[in-house]
Amino acid sequence: MADAKEHWLAEILRWSPATRLEASQVLAAMLGLAGPILLGVATDHLRLGMAAAIGGLALDGTARGESLGREASALTGALISGCAAIWTGTSLVGSGSLIIAVPAIAAVAGLLGGISRPLARESTRFIRFTIIAANLSAPEIGPFGVTLLFFLGGAWTLGLSLLLRLVFAQARRVAQSAAARPPRPSAGPRLRRWLGSLSTLPGWQYPLRIALCLAVAEAVAWIWPGPHGQWIALTVAIVLDRRPATPPTRLVQRALGTVLGVILASLLLIRTPSILIVTIAIAALAAMRPVLRAGNYTAYAAIMTPLIVLLVDFGETPSAEILLDRLLATIAGCLIALLFGYLPWLRVLSLQSGQPTPNPGGGAPR
């Protein structure tokens, strides 16, 4: 038991074996976010440039190592789900229905995500960016304008990813390695498997968990005394795994990385840096994404959170109180994910994974 616990804790900070990364990945990640911001600065529309850069953020970590065709398909799917999320979220701004709408929308998206792995990935993306968009304020351009900016920023990143991959002459090598992979299952068996899973509780576990956690998060945000109550729901969407394992290694990695990332972002903003410094910081953090994603998920979460903070909250007056409020809201979201989205569901999650439920009291597994 002690050895297993030690291994679990070591896994949180362990650096994975080196994974081959293409220079095109790093350049596309960096330029995909920096380009729209620089254009916004040049045209004196910084906030619009930031909104467009969120489109590049949404295409993070999609189909790396796949063939060129599969990467293009996956990036396009990410762009479509991201645009749908931005439209949905911005349409909810000012409606006063977040406490009902966000959990309901997340439950439906989570349920549909059970059909296949690509849909699971896109449904998770949709939930997160719906929450981000629900807290964006751009009344001068409305939902359509924000969605258009997001689409342009995402399309810019998509084009860069594919073009740079070709320039660096990696397409043929990856396509050859992908050719030996077994074909993906057709839509029919996937749909039948998904429909069959709806007759069991494990088939409903993620929609129920994400809806419950977001309902609690929105309720807490409604009475939250500080300005960052929206970070509670966003933290829940980031931290909560679709199919978490026991012990909750990935949940702890996400939670720890998110808390560290909030601290890092707050320190970057505490002295009101110039837009040049912020742009350089965003470009550097974006370039680190593919490297850290392959190496250690805690570190990856720690740099993804500052990117979200810098793109969404840049421009607000910094202070120690704001830093503390954002940090407390993040911790609250982590606790909600643990207390409402993980611990009460251990039995269901063990049934889904086929593993025995661990005994919290330290005895033999039940």
# chains A, B, ... in the order shown; residues from 1 in each chain; ligands from 1
$ residues_around --residues "A:Ile303" --least-positions-apart "6" --cutoff "12 Å" --atoms "only C-alpha atoms" --output "ChimeraX atom specification"
/A:57,254,256-265,281-293,296-297,309-310
$ residues_around --residues "stretch 130-135 of chain A" --least-positions-apart "5" --cutoff "8 Å" --atoms "only C-alpha atoms" --output "PDB file with C-alpha atoms, in the first residue's frame"
ATOM      1  CA  ALA A  85     -19.009  26.994 -27.677  1.00  0.00           C
ATOM      2  CA  ILE A  86     -18.201  30.681 -28.148  1.00  0.00           C
ATOM      3  CA  TRP A  87     -21.595  31.338 -29.744  1.00  0.00           C
ATOM      4  CA  THR A  88     -23.371  29.458 -26.970  1.00  0.00           C
ATOM      5  CA  GLY A  89     -21.435  31.075 -24.151  1.00  0.00           C
ATOM      6  CA  THR A  90     -21.623  34.655 -25.411  1.00  0.00           C
ATOM      7  CA  SER A  91     -25.367  34.234 -26.004  1.00  0.00           C
ATOM      8  CA  LEU A  92     -25.727  33.501 -22.281  1.00  0.00           C
ATOM      9  CA  VAL A  93     -23.907  36.666 -21.173  1.00  0.00           C
ATOM     10  CA  VAL A 102     -24.363  25.952 -17.983  1.00  0.00           C
ATOM     11  CA  GLN A 230     -16.624  32.609 -12.770  1.00  0.00           C
ATOM     12  CA  ALA A 233     -16.925  26.835 -12.893  1.00  0.00           C
ATOM     13  CA  LEU A 234     -13.996  27.107 -15.302  1.00  0.00           C
TER      14      LEU A 234
END
$ closest_residue --among "A:Leu212, A:Val278, A:Met30, A:Leu267" --to "A:Leu311" --atoms "only C-alpha atoms"
A:Val278
$ closest_residue --among "A:Ala51, A:Ala329, A:Val239, A:Ala101" --to "A:Gly145" --atoms "only C-alpha atoms"
A:Ala51
$ atom_distance --atom1 "atom CA of A:Glu122" --atom2 "atom CA of A:Ala104"
16.8 Å
$ atom_distance --atom1 "atom CA of A:Ala187" --atom2 "atom CA of A:Leu75"
19.5 Å
$ closest_residue --among "A:Thr330, A:Ser116, A:Ser199, A:Thr272" --to "A:Ala221" --atoms "only C-alpha atoms"
A:Thr330
$ atom_distance --atom1 "atom CA of A:Arg242" --atom2 "atom CA of A:Arg193"
17.1 Å
$ closest_residue --among "A:Phe144, A:Leu240, A:Ala53, A:Thr298" --to "A:Tyr206" --atoms "only C-alpha atoms"
A:Leu240
$ closest_residue --among "A:Ile331, A:Leu324, A:Ile277, A:Val26" --to "A:Val236" --atoms "only C-alpha atoms"
A:Ile331
$ closest_residue --among "A:Ala337, A:Ala109, A:Leu98, A:Val220" --to "A:Val252" --atoms "only C-alpha atoms"
A:Ala337
$ residues_around --residues "A:Ile238" --least-positions-apart "3" --cutoff "10 Å" --atoms "only C-alpha atoms" --output "list of chain:residue names"
A:Thr124, A:Arg125, A:Ile127, A:Arg128, A:Ala233, A:Leu234, A:Thr235, A:Asp241, A:Leu251, A:Arg254, A:Ala255, A:Thr258, A:Ala301, A:Thr305, A:Gly333, A:Cys334, A:Ala337
$ residues_around --residues "A:Ile141" --least-positions-apart "5" --cutoff "12 Å" --atoms "only C-alpha atoms" --output "number ranges by chain"
A: 47-48, 51, 90-91, 136, 146-149
